[in-house]
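Here's coords-v7.tsv, which has TSV, C-alpha atoms:
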chain	number	residue	atom	x	y	z
A	243	MET	CA	0.66	0.33	22.18
A	244	LEU	CA	4.01	-1.14	21.12
A	245	ARG	CA	5.48	-0.51	24.57
A	246	SER	CA	2.62	-2.59	25.97
A	247	VAL	CA	3.56	-5.40	23.60
A	248	GLY	CA	7.14	-5.22	24.86
A	249	LEU	CA	6.03	-5.49	28.48
A	250	ALA	CA	3.51	-8.25	27.74
A	251	SER	CA	6.17	-10.29	25.94
A	252	ARG	CA	7.91	-10.88	29.27
A	253	VAL	CA	4.74	-12.27	30.86
A	254	ALA	CA	2.79	-13.77	27.95
A	255	PRO	CA	5.04	-14.08	24.90
A	256	GLY	CA	2.46	-15.98	22.84
A	257	LEU	CA	-0.23	-13.38	23.40
A	258	SER	CA	2.15	-10.50	22.71
A	259	ALA	CA	3.19	-12.18	19.44
A	260	VAL	CA	-0.46	-12.27	18.34
A	261	VAL	CA	-0.90	-8.59	19.20
A	262	ALA	CA	2.35	-7.68	17.41
A	263	GLU	CA	1.22	-9.60	14.32
A	264	GLN	CA	-2.05	-7.66	14.35
A	265	LEU	CA	-0.18	-4.36	14.51
A	266	TRP	CA	2.49	-5.19	11.93
A	267	PHE	CA	0.58	-7.13	9.25
A	268	ARG	CA	-3.05	-6.00	9.52
A	269	PRO	CA	-3.72	-2.41	8.52
A	270	ARG	CA	-6.72	-0.81	10.12
A	271	GLY	CA	-8.14	0.19	6.81
A	272	ARG	CA	-11.44	1.53	5.73
A	273	PRO	CA	-13.57	0.66	2.74
A	274	THR	CA	-12.87	2.41	-0.52
A	275	LYS	CA	-15.26	5.26	-1.25
A	276	GLY	CA	-15.74	4.45	-4.91
A	277	ALA	CA	-14.34	6.19	-7.96
A	278	PRO	CA	-14.76	9.59	-9.56
A	279	ALA	CA	-17.35	10.26	-12.25
A	280	GLY	CA	-16.17	9.03	-15.62
A	281	ALA	CA	-13.75	6.46	-14.21
A	282	ASP	CA	-13.51	2.92	-15.53
A	283	LEU	CA	-13.53	0.26	-12.81
A	284	PHE	CA	-11.37	-2.85	-13.01
A	285	ASP	CA	-10.88	-6.08	-11.09
A	286	MET	CA	-7.70	-8.09	-10.92
A	287	THR	CA	-6.43	-11.16	-9.14
A	288	VAL	CA	-2.98	-11.12	-7.56
A	289	GLY	CA	-2.07	-14.40	-5.95
A	290	ARG	CA	-5.30	-15.41	-4.26
A	291	ARG	CA	-6.46	-11.84	-3.76
A	292	ASP	CA	-9.22	-10.12	-5.66
A	293	LEU	CA	-8.35	-6.44	-5.93
A	294	THR	CA	-10.30	-3.57	-7.43
A	295	GLY	CA	-9.37	-0.21	-8.80
A	296	PHE	CA	-10.18	2.41	-11.38
A	297	THR	CA	-8.64	4.33	-14.23
A	298	ILE	CA	-9.49	7.80	-15.37
A	299	GLY	CA	-8.10	9.78	-18.29
A	300	THR	CA	-5.97	8.80	-21.26
A	301	GLY	CA	-2.27	9.10	-21.97
A	302	ASP	CA	0.84	7.90	-20.20
A	303	VAL	CA	0.15	5.82	-17.11
A	304	ALA	CA	0.37	7.53	-13.73
A	305	LEU	CA	0.10	5.00	-10.90
A	306	LEU	CA	-1.30	6.31	-7.62
A	307	LEU	CA	-0.64	4.37	-4.41
A	308	HIS	CA	-2.32	4.93	-1.06
A	309	GLY	CA	-0.63	4.46	2.29
A	310	TRP	CA	-0.94	1.87	5.06
A	311	GLY	CA	-4.50	1.72	6.31
A	312	GLY	CA	-5.73	3.78	3.35
A	313	ALA	CA	-7.70	3.01	0.23
A	314	GLY	CA	-7.41	3.85	-3.43
A	315	SER	CA	-10.20	6.39	-3.10
A	316	ASP	CA	-7.81	8.50	-0.98
A	317	MET	CA	-6.09	9.34	-4.25
A	318	ILE	CA	-9.19	10.55	-6.17
A	319	PRO	CA	-8.33	14.30	-6.17
A	320	ILE	CA	-4.81	13.62	-7.49
A	321	ALA	CA	-6.09	11.05	-10.01
A	322	VAL	CA	-8.57	13.55	-11.43
A	323	ALA	CA	-5.94	16.31	-11.61
A	324	LEU	CA	-3.51	14.02	-13.45
A	325	ALA	CA	-6.25	12.86	-15.83
A	326	ASP	CA	-7.02	16.52	-16.57
A	327	ALA	CA	-3.29	17.01	-17.27
A	328	GLY	CA	-3.28	14.25	-19.90
A	329	PHE	CA	-2.41	11.10	-17.94
A	330	GLN	CA	-4.22	7.83	-17.50
A	331	SER	CA	-4.47	7.69	-13.71
A	332	VAL	CA	-4.48	4.12	-12.38
A	333	VAL	CA	-5.57	3.57	-8.78
A	334	VAL	CA	-5.88	0.22	-6.98
A	335	ASP	CA	-6.82	-0.86	-3.47
A	336	LEU	CA	-3.60	-2.59	-2.44
A	337	PRO	CA	-3.71	-5.98	-0.65
A	338	GLY	CA	-5.22	-5.78	2.83
A	339	HIS	CA	-6.79	-2.40	2.09
A	340	GLY	CA	-9.99	-0.91	0.72
A	341	SER	CA	-12.12	-3.51	-1.01
A	342	ASP	CA	-9.77	-6.45	-0.33
A	343	ARG	CA	-11.65	-8.95	1.86
A	344	ARG	CA	-8.42	-10.23	3.40
A	345	SER	CA	-7.01	-8.03	6.10
A	346	ARG	CA	-3.45	-9.38	6.31
A	347	THR	CA	-0.72	-7.98	4.08
A	348	ASP	CA	2.91	-6.97	3.94
A	349	LEU	CA	5.28	-4.94	1.83
A	350	PHE	CA	5.97	-7.81	-0.57
A	351	GLN	CA	2.29	-8.49	-1.29
A	352	MET	CA	1.76	-4.79	-1.93
A	353	ALA	CA	4.76	-4.72	-4.31
A	354	ALA	CA	3.41	-7.78	-6.16
A	355	ALA	CA	0.12	-5.94	-6.70
A	356	ILE	CA	2.03	-2.96	-8.11
A	357	ASP	CA	3.85	-5.31	-10.51
A	358	ALA	CA	0.49	-6.79	-11.57
A	359	VAL	CA	-0.95	-3.33	-12.23
A	360	GLY	CA	2.08	-2.57	-14.41
A	361	ALA	CA	1.51	-5.80	-16.34
A	362	MET	CA	-2.14	-4.91	-16.83
A	363	PHE	CA	-1.77	-1.24	-17.87
A	364	GLY	CA	1.87	-0.91	-18.88
A	365	SER	CA	4.83	0.47	-17.01
A	366	PRO	CA	3.95	3.75	-15.36
A	367	THR	CA	5.57	6.96	-16.50
A	368	ALA	CA	4.83	8.49	-13.12
A	369	VAL	CA	4.09	7.25	-9.61
A	370	VAL	CA	2.45	9.21	-6.82
A	371	ALA	CA	2.70	7.33	-3.53
A	372	HIS	CA	1.69	8.11	0.02
A	373	SER	CA	3.41	6.77	3.14
A	374	PHE	CA	3.88	2.99	3.01
A	375	GLY	CA	2.74	3.02	-0.62
A	376	ALA	CA	6.12	4.67	-1.32
A	377	ALA	CA	7.96	1.80	0.36
A	378	ALA	CA	5.95	-0.69	-1.70
A	379	ALA	CA	6.76	1.24	-4.89
A	380	PHE	CA	10.49	1.18	-4.12
A	381	ASN	CA	10.21	-2.58	-3.56
A	382	ALA	CA	8.28	-3.03	-6.83
A	383	PHE	CA	10.84	-1.05	-8.87
A	384	PRO	CA	14.19	-2.11	-7.35
A	385	HIS	CA	16.22	-1.36	-10.50
A	386	GLY	CA	14.69	1.93	-11.52
A	387	GLY	CA	11.18	2.68	-12.49
A	388	PRO	CA	9.10	5.57	-13.66
A	389	ARG	CA	10.59	8.82	-14.97
A	390	SER	CA	8.68	10.85	-12.39
A	391	VAL	CA	7.97	10.04	-8.76
A	392	ALA	CA	6.09	12.13	-6.20
A	393	LEU	CA	6.21	10.88	-2.62
A	394	ILE	CA	3.83	12.18	0.01
A	395	ALA	CA	5.14	11.57	3.55
A	396	PRO	CA	7.09	8.51	2.36
A	397	ALA	CA	7.94	5.58	4.62
A	398	ILE	CA	11.12	4.56	2.80
A	399	ARG	CA	13.63	4.20	5.64
A	400	SER	CA	12.31	0.84	6.79
A	401	GLU	CA	15.21	0.03	9.10
A	402	ARG	CA	13.91	2.72	11.45
A	403	PHE	CA	10.54	0.96	11.67
A	404	PHE	CA	12.08	-2.49	12.04
A	405	ASP	CA	14.49	-1.31	14.76
A	406	TRP	CA	11.73	0.46	16.68
A	407	PHE	CA	9.41	-2.55	16.38
A	408	SER	CA	12.04	-5.06	17.48
A	409	ASP	CA	13.08	-2.84	20.41
A	410	GLN	CA	9.51	-3.01	21.71

With the file now loaded, output its structure as structure tokens.
Amino acid sequence: MLRSVGLASRVAPGLSAVVAEQLWFRPRGRPTKGAPAGADLFDMTVGRRDLTGFTIGTGDVALLLHGWGGAGSDMIPIAVALADAGFQSVVVDLPGHGSDRRSRTDLFQMAAAIDAVGAMFGSPTAVVAHSFGAAAAFNAFPHGGPRSVALIAPAIRSERFFDWFSDQ
């Protein structure tokens, strides 16, 4: 698809810019699938976005972050396991994902949501992040963060993505 954008940019640069913007800033997400039994739902506003999430368990905060195009409900099995291990699992649909009605987002909006979750529930002791959620976490905690971090297929070498995208 990106190669097509590169070719189209020579013929119709305006149209190819619109297509590139759709690819780069609009995740093809799916709706969140709810929360596990016993979870407490929460709503929060970050900027002009209304985000939803859930917590389950009690104890130190473990923040779980889905990847690009995902939803908080992707993290339910891990959230339940951490709650069973004595953590308060906190899961949120990041901007542009899950229950968010707005489809456009970027790394900085996702990081701002992570900061807002930390303000609401306290600094996390642990973070579990998938794919682009890992990049957002690194952006949200630029000077050190949680004691424990588990990254699942992290997208943390952003220059590779930017170089590939600009080459196209």

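Picture a line from atom CA of Asp316 of chain A to atom CA of Arg389 of chain A; it runs 23.1 Å.
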
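Closest approach to Leu393 of chain A among A:Ile318, A:Gly309, A:Ala327, A:Arg344: A:Gly309, based on all atoms listed in the file.
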
Exercise for the section: Kindly give the distance, in Å, that separates atom CA of Phe374 of chain A and atom CA of Ala397 of chain A, rounded to a single decimal. Expected result: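 Separation of atom CA of Phe374 of chain A and atom CA of Ala397 of chain A: 5.1 Å.
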
Handout entry: Among listed residues A:Pro337, A:Gly328, A:Gly256, A:Pro278, nearest Arg290 of chain A (using all atoms listed in the file)
Key =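 Closest to Arg290 of chain A of all the choices is A:Pro337.
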
Practice task
Using atom CA of Gly338 of chain A and atom CA of Gly312 of chain A as the two end points, give the distance in Å to one decimal.
Solution key: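 Those two atoms sit 9.6 Å apart.
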
Exercise for the section: Can you work out which one of A:Asp292, A:Asp326, A:Asp282, A:Asp335 has the shortest atom-to-atom distance to Gly314 of chain A, counting all atoms listed in the file? Expected result: A:Asp335

Exercise for the section: Just the residues within 9 Å of segment 364-369 of chain A, please, counting all atoms listed in the file, with nothing from its chain fewer than 3 positions along; format it as a ChimeraX atom specification. Expected result: /A:302-307,332,357,359-361,376,379,387-393

Problem - Which residue of A:His339, A:Gln351, A:Thr297, A:Lys275 approaches Leu324 of chain A most closely, using all atoms listed in the file - result: A:Thr297

Exercise for the section: Find the residues around Ala313 of chain A up to 8 Å (all atoms listed in the file counted), leave out those fewer than 6 positions away in its own chain, and share them as a PyMOL selection string. Expected result: chain A and resi 271-274+334-336+339-341

Exercise for the section: Compare A:Pro396, A:Gly295, A:Pro319, A:Gly386 by their minimum atom-to-atom distance to Ala355 of chain A, counting all atoms listed in the file, and give me the closest one. Expected result: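 Closest to Ala355 of chain A of all the choices is A:Gly295.
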
Practice task
Tell me which of A:Ser373, A:Asn381, A:Thr287, A:Ser345 sits closest to Ile394 of chain A, counting only C-alpha atoms.
Solution key: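 Of A:Ser373, A:Asn381, A:Thr287, A:Ser345, the one nearest Ile394 of chain A, counting only C-alpha atoms, is A:Ser373.
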
Exercise for the section: Find the spatial neighbours of Ala281 of chain A, counting only C-alpha atoms, within a cut-off of 8 Å - ignore same-chain residues fewer than 2 positions away - and output them as number ranges by chain. Expected result: A: 277-279, 283, 296-299

Practice task
Give as an MDAnalysis selection string each residue that has an atom at most 7 Å from (6.0, -1.9, -5.7) in the file, counting all atoms listed in the file.
Solution key: chainID A and resid 352:354 356:357 378:383
